[in-house]
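All remarks here apply to the structure that follows.
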Amino acid sequence: MASRSFEYIQDYLNIFGLKMWQEEVMRIINYNVEQECNTFLRQKVFDWQSLYQSQHIPIPRFPPIDESQTFIGRLARQLLNITNPTLTLYVDPVKSWYDMRTNEEVLNSSIFGKLVDALEPFGLQGLDRLYCFMIVTELQKFTKRPQS
């Protein structure tokens, strides 16, 4: 919705408001993805090293609420919790996840449409990048287990 407002305002002010909006949202999301991915890295990317942090318009850092450092980490982990394969079942013909105990729908494709609208493509790309780090970490744990 906010991006539509920028489209209308840019015509009156003769500036590229929508482009500025998209660049700033992309910068905020990429910064938060970078900070969340730091938990998986040996060499951390500090604020002063970040390509997305600015001295003139800094992106604030909030204290972590749970194991996630940022909103993007909380979103990624919540999606994993909701679609936990030990508790839910994905039914492809209806493109939905169902709780195996209650048979109630817990997640459907409309949620992903809303995610696309909210995060835009670069937000989804950031989620994908974070999930890649999570997968690599799990694979490393798996390969370090003793073979029986």
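A note on labels: chains of the structure tokens are A, B, ... as shown, every chain counts residues from 1, and ligands are counted from 1 in their shown order.
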Legend entry - Test item: residues at most 8 Å from stretch 72-80 of chain A, only C-alpha atoms, excluding those fewer than 6 positions along its chain, as number ranges by chain: A: 29, 32-33, 36, 66, 127, 130-131
Inset, instruction - Taking the DSSP assignment computed from this structure's backbone, write out as number ranges by chain all residues of stretch 51-148 of chain A that belong to alpha helix (DSSP H). - result: A: 71-82, 109-144
Legend entry - Neighbour list for A:Val106 as a PyMOL selection string, cut-off 12 Å, only C-alpha atoms, skip fewer than 6 positions in-chain: chain A and resi 79+81-84+87-91+95-100
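The smallest atom-to-atom distance between A:Glu24 and any of A:Phe122, A:Pro93, A:Leu41, A:Asp117, using only C-alpha atoms, is found for A:Phe122.
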Legend entry - Distance of atom CA of A:Val25 from atom CA of A:Arg129, expressed in Å to one decimal place: 16.8 Å
Legend entry - atom CA of A:Leu13 to atom CA of A:Ile57, distance in Å rounded to a single decimal: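 Separation between atom CA of A:Leu13 and atom CA of A:Ile57: 21.8 Å.
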Legend entry - Selection: 12 Å around A:Glu23, only C-alpha atoms, excl. self and same-chain fewer than 3 positions, as a VMD selection string: chain A and resid 3 16 to 20 26 to 30 52 120 122 to 123
Inset, instruction - Fewer than 4 positions away in the same chain doesn't count, so skip those; otherwise give me all residues within 8 Å of A:Ser50, counting only C-alpha atoms, as an MDAnalysis selection string. - result: chainID A and resid 31 45:46
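Running DSSP on the backbone gives strand (DSSP E) for these residues within chain A: Thr88, Leu89, Tyr90, Val91, Ser96, Trp97, Tyr98, Asp99, Glu105, Val106, Leu107 and Asn108 of chain A.
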Could you turn the residues from that selection into a file that holds N, CA and C atoms, as a JSON list (two decimals), in the first residue's frame?
```
[["chain", "number", "residue", "atom", "x", "y", "z"],
["A", 88, "THR", "N", 2.88, -31.49, 10.88],
["A", 88, "THR", "CA", 1.98, -31.12, 9.78],
["A", 88, "THR", "C", 2.22, -32.00, 8.56],
["A", 89, "LEU", "N", 1.26, -31.95, 7.67],
["A", 89, "LEU", "CA", 1.31, -32.71, 6.43],
["A", 89, "LEU", "C", 0.96, -31.78, 5.29],
["A", 90, "TYR", "N", 1.80, -31.77, 4.24],
["A", 90, "TYR", "CA", 1.52, -30.94, 3.07],
["A", 90, "TYR", "C", 0.66, -31.74, 2.10],
["A", 91, "VAL", "N", -0.44, -31.15, 1.66],
["A", 91, "VAL", "CA", -1.34, -31.80, 0.70],
["A", 91, "VAL", "C", -1.24, -31.00, -0.60],
["A", 96, "SER", "N", -1.78, -26.84, 0.67],
["A", 96, "SER", "CA", -1.93, -26.43, 2.06],
["A", 96, "SER", "C", -1.24, -27.40, 3.00],
["A", 97, "TRP", "N", -0.90, -26.91, 4.19],
["A", 97, "TRP", "CA", -0.39, -27.73, 5.27],
["A", 97, "TRP", "C", -1.52, -27.95, 6.27],
["A", 98, "TYR", "N", -1.59, -29.19, 6.77],
["A", 98, "TYR", "CA", -2.63, -29.55, 7.73],
["A", 98, "TYR", "C", -1.98, -30.12, 8.99],
["A", 99, "ASP", "N", -2.58, -29.78, 10.13],
["A", 99, "ASP", "CA", -2.15, -30.35, 11.40],
["A", 99, "ASP", "C", -2.54, -31.82, 11.40],
["A", 105, "GLU", "N", -6.42, -26.98, 8.72],
["A", 105, "GLU", "CA", -5.47, -26.30, 7.85],
["A", 105, "GLU", "C", -4.67, -25.29, 8.68],
["A", 106, "VAL", "N", -3.35, -25.33, 8.57],
["A", 106, "VAL", "CA", -2.51, -24.39, 9.32],
["A", 106, "VAL", "C", -1.85, -23.35, 8.42],
["A", 107, "LEU", "N", -1.70, -23.66, 7.15],
["A", 107, "LEU", "CA", -1.06, -22.73, 6.23],
["A", 107, "LEU", "C", -1.49, -23.06, 4.81],
["A", 108, "ASN", "N", -1.79, -22.01, 4.02],
["A", 108, "ASN", "CA", -2.16, -22.26, 2.63],
["A", 108, "ASN", "C", -1.45, -21.26, 1.72]]
```
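Atom CA of A:Trp21 to atom CA of A:Gln55 spans 18.6 Å [interatomic distance, one decimal].
Proximity of A:Asn14, A:Ser110, A:Thr39, A:Thr86 to A:Phe133, computed with only C-alpha atoms, is greatest for A:Thr39.
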